[in-house]
Amino acid sequence: MSKTNKQLALVIDLNVCVGCHACVTSCKEWNTSGSAGPLTDLNAYGASPSGTFFNRVQTFEAGTFPNTQTVHFPKSCLHCEEPPCVPVCPTGASYKRKEDGIVLVDYDKCIGCSYCSWACPYGARELDQERQVMTKCTLCVDRIYSETLPESEKKPACVLACPTSARIFGDVHDPESAASKAIEERKGYALMPEWETQPANHYLPRSIMETIDAARNDK
Amino acid sequence: MRPQFSIIFFTTLVGMAQGLLFFVALSNLYSQATPNAFLTNLVLPVAFILLCLSLLASFFHLGHPERAWRAAAMWRTSWLSREVIALPALMAVTVLIYFYAHIGEVPQWLWLALLFTTVVLWICTAKIYQCIRFIQEWSHPSTLTNFILLGLGSGLVLLELLIILWGDAAAKFIDTPLSIVSLLLLFLAFNLKLWIWRRNRGLKPKSNLSTATGIKGSNIRQTSMGLMGGSFNTREFFHHQTDRMIANMRKIIMLCAYVIPMILMAYALTSPSAMIIALALIINYLGLLAERWMFFAEANHPQNLYYQRVS
């Protein structure tokens, strides 16, 4: 697959994510309300609720006491430049858009075989239990190209919702974009580089531990 | 991975049908060995029923079975799509042979076509799993070899059963040699399985929490996976069984898929009877179901790194 001219993506700053899940709820709110159908919740008020989400925030710890750090880690489709989920789809429902690199699922063509979810090493795809089609982050394709929303709101819902501006949205093939500059200047990295999927989404590493170490060494 | 029962039934049933058709095609290419009545009254109908049952099972895997026809579209890139074409092709060749056998002689090219389509279908089915490079248990040529050997094994035992049921006329041309070949196939398949299990035990996962999250520092552990009640990710990619269940399942597989059928087939060498061979086939098939269950259960998906801790 040749590289697309434009590649929209998210750059997530792990320095400032506080794990508030505002991106999760705003994503759910926007994407469950669209014409593509709801992101189903089953047993929503029961003991073990289960629902479709395009975006999750997880939490990790690293280090040994007292030098530990807690990292909140938002996770959604990475819109890979070489998406392993696309060629395996038997119907062509999964595709990568040439014009902007967004990986999408055509819900009308999806037969719900789940094969693409097996072929994604990141677990970015979730089969909707009620609609029985594969769902995933669309980068809010219906927001960013909206003809009715004001210019300032033509961004993914998660980006607008983030209270700490931990999510930068932009074209990572345009070296002048804020997203590309953040990757370049702050050593943005991709997840599981060993599988050569070339994720478009990048993460900005935490620099706080380096700062603490430097402060300790100064003493 | 979660064992998918629709696929467990699909791959075992279709494998048996392929094994049966493969040996029938092979014996007819070698010499016009099988009487036409044996083909039209027993072998081809049985094979066709198995193919239909497997096709039916595969539909239960789909969230939208009414759209299944769309799955033939992406044959250029998707092994699943190729399989969706190869299975009806095999069914079509089987039906064609049925008609030729009914009206006269089956031409050689048709037997060749049958041999070809059975092998192509095996490749498509196995490649669906083998081509997922980050499921390291599957991403190895042994996946294809295992599917072929087990399909040939069960298919040949079925063929022997059909020959015995048909009676003397058909039994004349192949009997002892077939039993020896089926024994040999089961023995080879058994050794391959033991080798695969040894390989799986020694696999070093390419991904770990460090590459999955990129967090610098040692001793990375998850404190929350971002949900408490489970999700597609916690259901689809884990087998949710205890280690003890897995260990017991391995014993069942060794006994049922390989050892007991081998003993029964060895016994059938000296005193062949429909009863013994039918028993061998049934036990072998139950073992195959368990083997395919384990094929899924022992596959570790790297996405599981992100789903380790509920809180």
# chains A, B, ... in the order shown; residues from 1 in each chain; ligands from 1

call {"tool": "interface_residues", "arguments": {"of": "chain B", "to": "chain A", "cutoff": "7 Å", "atoms": "only C-alpha atoms", "output": "JSON, numbers by chain"}}
result
{"B": [61, 62, 63, 64, 65, 67, 68, 70, 71, 72, 73, 74, 77, 78, 79, 80, 81, 132, 134, 207, 211, 212, 213, 214, 217, 218, 219, 220, 221, 222, 223, 224, 225, 226, 229, 230, 231, 232, 233, 302, 303]}

call {"tool": "residues_around", "arguments": {"residues": "B:Leu13", "least_positions_apart": "6", "cutoff": "10 Å", "atoms": "only C-alpha atoms", "output": "ChimeraX atom specification"}}
result
/B:7,19,47,49-55,57,151,154-155,285,288-289

call {"tool": "write_last_selection", "arguments": {"atoms": "N, CA, C and O atoms", "output": "PDB file, in the first residue's frame"}}
result
ATOM      1  N   ILE B   7     -16.317 -22.041  13.712  1.00  0.00           N
ATOM      2  CA  ILE B   7     -15.108 -22.330  12.927  1.00  0.00           C
ATOM      3  C   ILE B   7     -14.546 -23.701  13.280  1.00  0.00           C
ATOM      4  O   ILE B   7     -14.009 -24.403  12.417  1.00  0.00           O
ATOM      5  N   GLY B  19     -10.231 -34.555   2.908  1.00  0.00           N
ATOM      6  CA  GLY B  19      -9.405 -35.764   2.993  1.00  0.00           C
ATOM      7  C   GLY B  19     -10.020 -36.891   2.195  1.00  0.00           C
ATOM      8  O   GLY B  19      -9.350 -37.579   1.416  1.00  0.00           O
ATOM      9  N   ALA B  47     -19.578 -36.882   0.993  1.00  0.00           N
ATOM     10  CA  ALA B  47     -18.671 -35.731   0.918  1.00  0.00           C
ATOM     11  C   ALA B  47     -19.469 -34.438   0.773  1.00  0.00           C
ATOM     12  O   ALA B  47     -19.175 -33.431   1.431  1.00  0.00           O
ATOM     13  N   ILE B  49     -22.572 -33.816   1.679  1.00  0.00           N
ATOM     14  CA  ILE B  49     -23.281 -33.480   2.934  1.00  0.00           C
ATOM     15  C   ILE B  49     -22.297 -32.830   3.918  1.00  0.00           C
ATOM     16  O   ILE B  49     -22.620 -31.837   4.568  1.00  0.00           O
ATOM     17  N   LEU B  50     -21.097 -33.396   4.007  1.00  0.00           N
ATOM     18  CA  LEU B  50     -20.087 -32.812   4.906  1.00  0.00           C
ATOM     19  C   LEU B  50     -19.761 -31.375   4.493  1.00  0.00           C
ATOM     20  O   LEU B  50     -19.652 -30.486   5.336  1.00  0.00           O
ATOM     21  N   LEU B  51     -19.620 -31.155   3.186  1.00  0.00           N
ATOM     22  CA  LEU B  51     -19.319 -29.806   2.695  1.00  0.00           C
ATOM     23  C   LEU B  51     -20.464 -28.851   3.032  1.00  0.00           C
ATOM     24  O   LEU B  51     -20.231 -27.716   3.469  1.00  0.00           O
ATOM     25  N   CYS B  52     -21.706 -29.329   2.846  1.00  0.00           N
ATOM     26  CA  CYS B  52     -22.864 -28.473   3.149  1.00  0.00           C
ATOM     27  C   CYS B  52     -22.935 -28.154   4.636  1.00  0.00           C
ATOM     28  O   CYS B  52     -23.199 -27.013   5.023  1.00  0.00           O
ATOM     29  N   LEU B  53     -22.696 -29.169   5.477  1.00  0.00           N
ATOM     30  CA  LEU B  53     -22.723 -28.947   6.921  1.00  0.00           C
ATOM     31  C   LEU B  53     -21.661 -27.926   7.336  1.00  0.00           C
ATOM     32  O   LEU B  53     -21.910 -27.058   8.172  1.00  0.00           O
ATOM     33  N   SER B  54     -20.473 -28.050   6.731  1.00  0.00           N
ATOM     34  CA  SER B  54     -19.404 -27.114   7.085  1.00  0.00           C
ATOM     35  C   SER B  54     -19.762 -25.699   6.633  1.00  0.00           C
ATOM     36  O   SER B  54     -19.537 -24.726   7.360  1.00  0.00           O
ATOM     37  N   LEU B  55     -20.364 -25.621   5.462  1.00  0.00           N
ATOM     38  CA  LEU B  55     -20.793 -24.301   4.964  1.00  0.00           C
ATOM     39  C   LEU B  55     -21.829 -23.693   5.914  1.00  0.00           C
ATOM     40  O   LEU B  55     -21.753 -22.519   6.285  1.00  0.00           O
ATOM     41  N   ALA B  57     -22.181 -24.363   9.096  1.00  0.00           N
ATOM     42  CA  ALA B  57     -21.496 -23.978  10.338  1.00  0.00           C
ATOM     43  C   ALA B  57     -20.815 -22.625  10.182  1.00  0.00           C
ATOM     44  O   ALA B  57     -20.853 -21.790  11.084  1.00  0.00           O
ATOM     45  N   GLY B 151      -6.844 -33.392   8.220  1.00  0.00           N
ATOM     46  CA  GLY B 151      -7.915 -33.585   7.238  1.00  0.00           C
ATOM     47  C   GLY B 151      -7.736 -34.893   6.491  1.00  0.00           C
ATOM     48  O   GLY B 151      -8.682 -35.676   6.334  1.00  0.00           O
ATOM     49  N   SER B 154      -8.513 -37.953   8.962  1.00  0.00           N
ATOM     50  CA  SER B 154      -9.929 -38.242   9.229  1.00  0.00           C
ATOM     51  C   SER B 154     -10.658 -38.620   7.944  1.00  0.00           C
ATOM     52  O   SER B 154     -11.545 -39.474   7.948  1.00  0.00           O
ATOM     53  N   GLY B 155     -10.272 -37.999   6.828  1.00  0.00           N
ATOM     54  CA  GLY B 155     -10.898 -38.314   5.545  1.00  0.00           C
ATOM     55  C   GLY B 155     -10.634 -39.744   5.122  1.00  0.00           C
ATOM     56  O   GLY B 155     -11.512 -40.425   4.581  1.00  0.00           O
ATOM     57  N   TYR B 285     -12.962 -37.756  15.408  1.00  0.00           N
ATOM     58  CA  TYR B 285     -13.629 -36.477  15.156  1.00  0.00           C
ATOM     59  C   TYR B 285     -13.806 -35.676  16.448  1.00  0.00           C
ATOM     60  O   TYR B 285     -13.581 -34.466  16.463  1.00  0.00           O
ATOM     61  N   LEU B 288     -10.644 -34.160  17.094  1.00  0.00           N
ATOM     62  CA  LEU B 288     -10.386 -33.026  16.195  1.00  0.00           C
ATOM     63  C   LEU B 288     -11.090 -31.770  16.687  1.00  0.00           C
ATOM     64  O   LEU B 288     -10.545 -30.668  16.603  1.00  0.00           O
ATOM     65  N   LEU B 289     -12.328 -31.935  17.199  1.00  0.00           N
ATOM     66  CA  LEU B 289     -13.036 -30.778  17.754  1.00  0.00           C
ATOM     67  C   LEU B 289     -12.220 -30.174  18.892  1.00  0.00           C
ATOM     68  O   LEU B 289     -12.050 -28.952  18.978  1.00  0.00           O
TER      69      LEU B 289
END

call {"tool": "atom_distance", "arguments": {"atom1": "atom CA of A:Asn5", "atom2": "atom CA of A:Thr197"}}
result
17.2 Å

call {"tool": "closest_residue", "arguments": {"among": "B:Met294, B:Met275, B:Leu29, B:Leu194", "to": "B:Gln108", "atoms": "only C-alpha atoms"}}
result
B:Leu29

call {"tool": "atom_distance", "arguments": {"atom1": "atom CA of A:Cys23", "atom2": "atom CA of A:Lys187"}}
result
23.2 Å

call {"tool": "closest_residue", "arguments": {"among": "B:Ser58, B:Asn208, B:Gln18, B:Ser179", "to": "B:Val119", "atoms": "only C-alpha atoms"}}
result
B:Gln18

call {"tool": "residues_around", "arguments": {"residues": "A:Cys158", "least_positions_apart": "4", "cutoff": "9 Å", "atoms": "only C-alpha atoms", "output": "ChimeraX atom specification"}}
result
/A:22-27,55,139-140,162,167

call {"tool": "write_last_selection", "arguments": {"atoms": "N, CA and C atoms", "output": "tab-separated table (two decimals), in the first residue's frame"}}
result
chain	number	residue	atom	x	y	z
A	22	ALA	N	-12.67	12.18	29.75
A	22	ALA	CA	-13.55	13.10	29.02
A	22	ALA	C	-13.53	12.75	27.53
A	23	CYS	N	-12.38	12.32	27.00
A	23	CYS	CA	-12.31	11.94	25.58
A	23	CYS	C	-13.17	10.71	25.31
A	24	VAL	N	-13.23	9.81	26.32
A	24	VAL	CA	-14.02	8.58	26.15
A	24	VAL	C	-15.51	8.92	26.06
A	25	THR	N	-15.97	9.76	26.99
A	25	THR	CA	-17.40	10.05	27.02
A	25	THR	C	-17.81	10.95	25.86
A	26	SER	N	-16.96	11.91	25.50
A	26	SER	CA	-17.33	12.79	24.38
A	26	SER	C	-17.34	12.01	23.08
A	27	CYS	N	-16.41	11.07	22.94
A	27	CYS	CA	-16.37	10.20	21.75
A	27	CYS	C	-17.65	9.39	21.66
A	55	ASN	N	-12.81	4.57	21.96
A	55	ASN	CA	-11.67	5.15	22.65
A	55	ASN	C	-11.73	4.72	24.11
A	139	LEU	N	-11.97	8.96	13.55
A	139	LEU	CA	-11.38	10.30	13.69
A	139	LEU	C	-12.48	11.35	13.53
A	140	CYS	N	-13.68	10.98	13.89
A	140	CYS	CA	-14.85	11.86	13.75
A	140	CYS	C	-14.93	12.45	12.35
A	162	CYS	N	-10.81	17.33	25.58
A	162	CYS	CA	-9.67	17.15	26.49
A	162	CYS	C	-9.37	18.45	27.25
A	167	ARG	N	-4.41	16.06	23.46
A	167	ARG	CA	-4.63	15.43	22.16
A	167	ARG	C	-4.46	16.46	21.06

call {"tool": "select_by_dssp", "arguments": {"residues": "stretch 44-141 of chain A", "states": "strand (DSSP E or B)", "output": "PDB file with N, CA and C atoms, in the first residue's frame"}}
result
ATOM      1  N   SER A  50     -21.606  -3.753  29.345  1.00  0.00           N
ATOM      2  CA  SER A  50     -20.707  -3.977  28.220  1.00  0.00           C
ATOM      3  C   SER A  50     -21.174  -3.111  27.067  1.00  0.00           C
ATOM      4  N   GLY A  51     -20.264  -2.388  26.485  1.00  0.00           N
ATOM      5  CA  GLY A  51     -20.676  -1.514  25.397  1.00  0.00           C
ATOM      6  C   GLY A  51     -19.574  -1.265  24.401  1.00  0.00           C
ATOM      7  N   ASN A  55     -12.814   4.575  21.959  1.00  0.00           N
ATOM      8  CA  ASN A  55     -11.670   5.152  22.652  1.00  0.00           C
ATOM      9  C   ASN A  55     -11.733   4.723  24.110  1.00  0.00           C
ATOM     10  N   ARG A  56     -10.598   4.296  24.651  1.00  0.00           N
ATOM     11  CA  ARG A  56     -10.542   3.885  26.048  1.00  0.00           C
ATOM     12  C   ARG A  56      -9.340   4.567  26.685  1.00  0.00           C
ATOM     13  N   VAL A  57      -9.443   4.862  27.965  1.00  0.00           N
ATOM     14  CA  VAL A  57      -8.263   5.371  28.676  1.00  0.00           C
ATOM     15  C   VAL A  57      -7.843   4.323  29.691  1.00  0.00           C
ATOM     16  N   GLN A  58      -6.614   3.869  29.567  1.00  0.00           N
ATOM     17  CA  GLN A  58      -6.100   2.871  30.482  1.00  0.00           C
ATOM     18  C   GLN A  58      -5.047   3.508  31.384  1.00  0.00           C
ATOM     19  N   THR A  59      -4.683   2.808  32.455  1.00  0.00           N
ATOM     20  CA  THR A  59      -3.684   3.357  33.366  1.00  0.00           C
ATOM     21  C   THR A  59      -2.597   2.324  33.621  1.00  0.00           C
ATOM     22  N   PHE A  60      -1.381   2.796  33.541  1.00  0.00           N
ATOM     23  CA  PHE A  60      -0.227   1.925  33.790  1.00  0.00           C
ATOM     24  C   PHE A  60       0.657   2.553  34.874  1.00  0.00           C
ATOM     25  N   GLU A  61       1.420   1.706  35.540  1.00  0.00           N
ATOM     26  CA  GLU A  61       2.432   2.181  36.474  1.00  0.00           C
ATOM     27  C   GLU A  61       3.778   1.647  36.022  1.00  0.00           C
ATOM     28  N   ALA A  62       4.827   2.403  36.324  1.00  0.00           N
ATOM     29  CA  ALA A  62       6.167   1.922  36.002  1.00  0.00           C
ATOM     30  C   ALA A  62       7.109   2.336  37.121  1.00  0.00           C
ATOM     31  N   GLY A  63       8.232   1.628  37.201  1.00  0.00           N
ATOM     32  CA  GLY A  63       9.246   1.950  38.199  1.00  0.00           C
ATOM     33  C   GLY A  63       8.995   1.249  39.512  1.00  0.00           C
ATOM     34  N   THR A  64       9.904   1.489  40.455  1.00  0.00           N
ATOM     35  CA  THR A  64       9.804   0.885  41.779  1.00  0.00           C
ATOM     36  C   THR A  64       9.809   2.009  42.812  1.00  0.00           C
ATOM     37  N   ASN A  67      10.505   5.682  43.167  1.00  0.00           N
ATOM     38  CA  ASN A  67      10.598   6.268  41.821  1.00  0.00           C
ATOM     39  C   ASN A  67       9.554   5.664  40.882  1.00  0.00           C
ATOM     40  N   THR A  68       8.306   5.830  41.219  1.00  0.00           N
ATOM     41  CA  THR A  68       7.259   5.280  40.371  1.00  0.00           C
ATOM     42  C   THR A  68       6.576   6.394  39.594  1.00  0.00           C
ATOM     43  N   GLN A  69       5.928   6.014  38.533  1.00  0.00           N
ATOM     44  CA  GLN A  69       5.118   6.972  37.790  1.00  0.00           C
ATOM     45  C   GLN A  69       3.827   6.297  37.361  1.00  0.00           C
ATOM     46  N   THR A  70       2.794   7.095  37.319  1.00  0.00           N
ATOM     47  CA  THR A  70       1.503   6.614  36.842  1.00  0.00           C
ATOM     48  C   THR A  70       1.251   7.252  35.485  1.00  0.00           C
ATOM     49  N   VAL A  71       0.932   6.424  34.517  1.00  0.00           N
ATOM     50  CA  VAL A  71       0.728   6.937  33.161  1.00  0.00           C
ATOM     51  C   VAL A  71      -0.686   6.610  32.702  1.00  0.00           C
ATOM     52  N   HIS A  72      -1.444   7.643  32.403  1.00  0.00           N
ATOM     53  CA  HIS A  72      -2.764   7.435  31.807  1.00  0.00           C
ATOM     54  C   HIS A  72      -2.585   7.360  30.307  1.00  0.00           C
ATOM     55  N   PHE A  73      -3.242   6.397  29.719  1.00  0.00           N
ATOM     56  CA  PHE A  73      -2.885   5.989  28.360  1.00  0.00           C
ATOM     57  C   PHE A  73      -4.140   5.855  27.496  1.00  0.00           C
ATOM     58  N   PRO A  74      -4.530   6.922  26.807  1.00  0.00           N
ATOM     59  CA  PRO A  74      -5.696   6.827  25.911  1.00  0.00           C
ATOM     60  C   PRO A  74      -5.365   5.953  24.713  1.00  0.00           C
ATOM     61  N   LYS A  75      -6.332   5.153  24.306  1.00  0.00           N
ATOM     62  CA  LYS A  75      -6.066   4.165  23.256  1.00  0.00           C
ATOM     63  C   LYS A  75      -7.257   4.093  22.308  1.00  0.00           C
ATOM     64  N   SER A  76      -6.983   4.319  21.030  1.00  0.00           N
ATOM     65  CA  SER A  76      -8.020   4.192  20.007  1.00  0.00           C
ATOM     66  C   SER A  76      -7.344   3.691  18.730  1.00  0.00           C
ATOM     67  N   SER A  94     -13.725  -2.828   5.227  1.00  0.00           N
ATOM     68  CA  SER A  94     -12.641  -2.094   5.880  1.00  0.00           C
ATOM     69  C   SER A  94     -11.767  -1.473   4.808  1.00  0.00           C
ATOM     70  N   TYR A  95     -11.538  -0.189   4.929  1.00  0.00           N
ATOM     71  CA  TYR A  95     -10.705   0.451   3.912  1.00  0.00           C
ATOM     72  C   TYR A  95      -9.966   1.639   4.498  1.00  0.00           C
ATOM     73  N   LYS A  96      -8.915   2.032   3.788  1.00  0.00           N
ATOM     74  CA  LYS A  96      -8.137   3.197   4.186  1.00  0.00           C
ATOM     75  C   LYS A  96      -8.336   4.255   3.129  1.00  0.00           C
ATOM     76  N   VAL A 103      -8.735   5.184   8.419  1.00  0.00           N
ATOM     77  CA  VAL A 103      -9.196   3.804   8.227  1.00  0.00           C
ATOM     78  C   VAL A 103     -10.641   3.728   8.702  1.00  0.00           C
ATOM     79  N   LEU A 104     -11.522   3.282   7.816  1.00  0.00           N
ATOM     80  CA  LEU A 104     -12.950   3.263   8.121  1.00  0.00           C
ATOM     81  C   LEU A 104     -13.562   1.895   7.858  1.00  0.00           C
ATOM     82  N   VAL A 105     -14.752   1.682   8.403  1.00  0.00           N
ATOM     83  CA  VAL A 105     -15.537   0.480   8.110  1.00  0.00           C
ATOM     84  C   VAL A 105     -16.853   0.922   7.482  1.00  0.00           C
ATOM     85  N   GLU A 126     -13.894  -3.058  17.774  1.00  0.00           N
ATOM     86  CA  GLU A 126     -14.865  -3.740  18.622  1.00  0.00           C
ATOM     87  C   GLU A 126     -16.113  -4.062  17.800  1.00  0.00           C
ATOM     88  N   LEU A 127     -16.538  -5.315  17.886  1.00  0.00           N
ATOM     89  CA  LEU A 127     -17.773  -5.711  17.213  1.00  0.00           C
ATOM     90  C   LEU A 127     -18.952  -5.228  18.054  1.00  0.00           C
ATOM     91  N   MET A 134     -18.432  -4.468  12.659  1.00  0.00           N
ATOM     92  CA  MET A 134     -17.197  -4.052  13.304  1.00  0.00           C
ATOM     93  C   MET A 134     -17.166  -2.529  13.372  1.00  0.00           C
ATOM     94  N   THR A 135     -16.803  -2.015  14.536  1.00  0.00           N
ATOM     95  CA  THR A 135     -16.753  -0.563  14.691  1.00  0.00           C
ATOM     96  C   THR A 135     -15.367  -0.138  15.164  1.00  0.00           C
TER      97      THR A 135
END

call {"tool": "atom_distance", "arguments": {"atom1": "atom CA of B:Ile283", "atom2": "atom CA of B:Cys256"}}
result
5.4 Å

call {"tool": "residues_around", "arguments": {"residues": "B:Glu160", "least_positions_apart": "5", "cutoff": "12 Å", "atoms": "only C-alpha atoms", "output": "count of residues only"}}
result
38

call {"tool": "residues_around", "arguments": {"residues": "B:Asn191", "least_positions_apart": "6", "cutoff": "12 Å", "atoms": "only C-alpha atoms", "output": "number ranges by chain"}}
result
B: 142, 145-146, 149-150, 184-185, 197-198, 254, 257-259

call {"tool": "residues_around", "arguments": {"residues": "A:Ser180", "least_positions_apart": "3", "cutoff": "10 Å", "atoms": "only C-alpha atoms", "output": "number ranges by chain"}}
result
A: 9-11, 168-177, 183-186, 188, 202

call {"tool": "select_by_dssp", "arguments": {"residues": "stretch 52-170 of chain B", "states": "helix (DSSP H, G or I)", "output": "count of residues only"}}
result
92

call {"tool": "closest_residue", "arguments": {"among": "B:Tyr129, B:Phe48, B:Trp293, B:Trp69", "to": "B:Ile97", "atoms": "only C-alpha atoms"}}
result
B:Phe48

call {"tool": "residues_around", "arguments": {"residues": "B:Thr125", "least_positions_apart": "2", "cutoff": "8 Å", "atoms": "only C-alpha atoms", "output": "mmCIF file with C-alpha atoms, in the first residue's frame"}}
result
data_model
loop_
_atom_site.group_PDB
_atom_site.id
_atom_site.type_symbol
_atom_site.label_atom_id
_atom_site.label_comp_id
_atom_site.auth_asym_id
_atom_site.auth_seq_id
_atom_site.Cartn_x
_atom_site.Cartn_y
_atom_site.Cartn_z
ATOM 1 C CA THR B 11 -12.668 -26.585 9.706
ATOM 2 C CA TRP B 79 -7.403 -15.410 2.327
ATOM 3 C CA LEU B 80 -10.862 -15.472 3.877
ATOM 4 C CA GLU B 83 -11.713 -19.481 0.983
ATOM 5 C CA LEU B 121 -9.080 -24.930 -0.040
ATOM 6 C CA TRP B 122 -6.635 -26.249 2.562
ATOM 7 C CA ILE B 123 -4.195 -23.509 1.724
ATOM 8 C CA LYS B 127 -3.550 -19.145 5.512
ATOM 9 C CA ILE B 128 -6.406 -17.231 7.142
ATOM 10 C CA TYR B 129 -4.686 -17.945 10.451
#

call {"tool": "closest_residue", "arguments": {"among": "B:Ser271, B:Ser210, B:Asn248, B:Thr242", "to": "B:Leu305", "atoms": "only C-alpha atoms"}}
result
B:Ser210
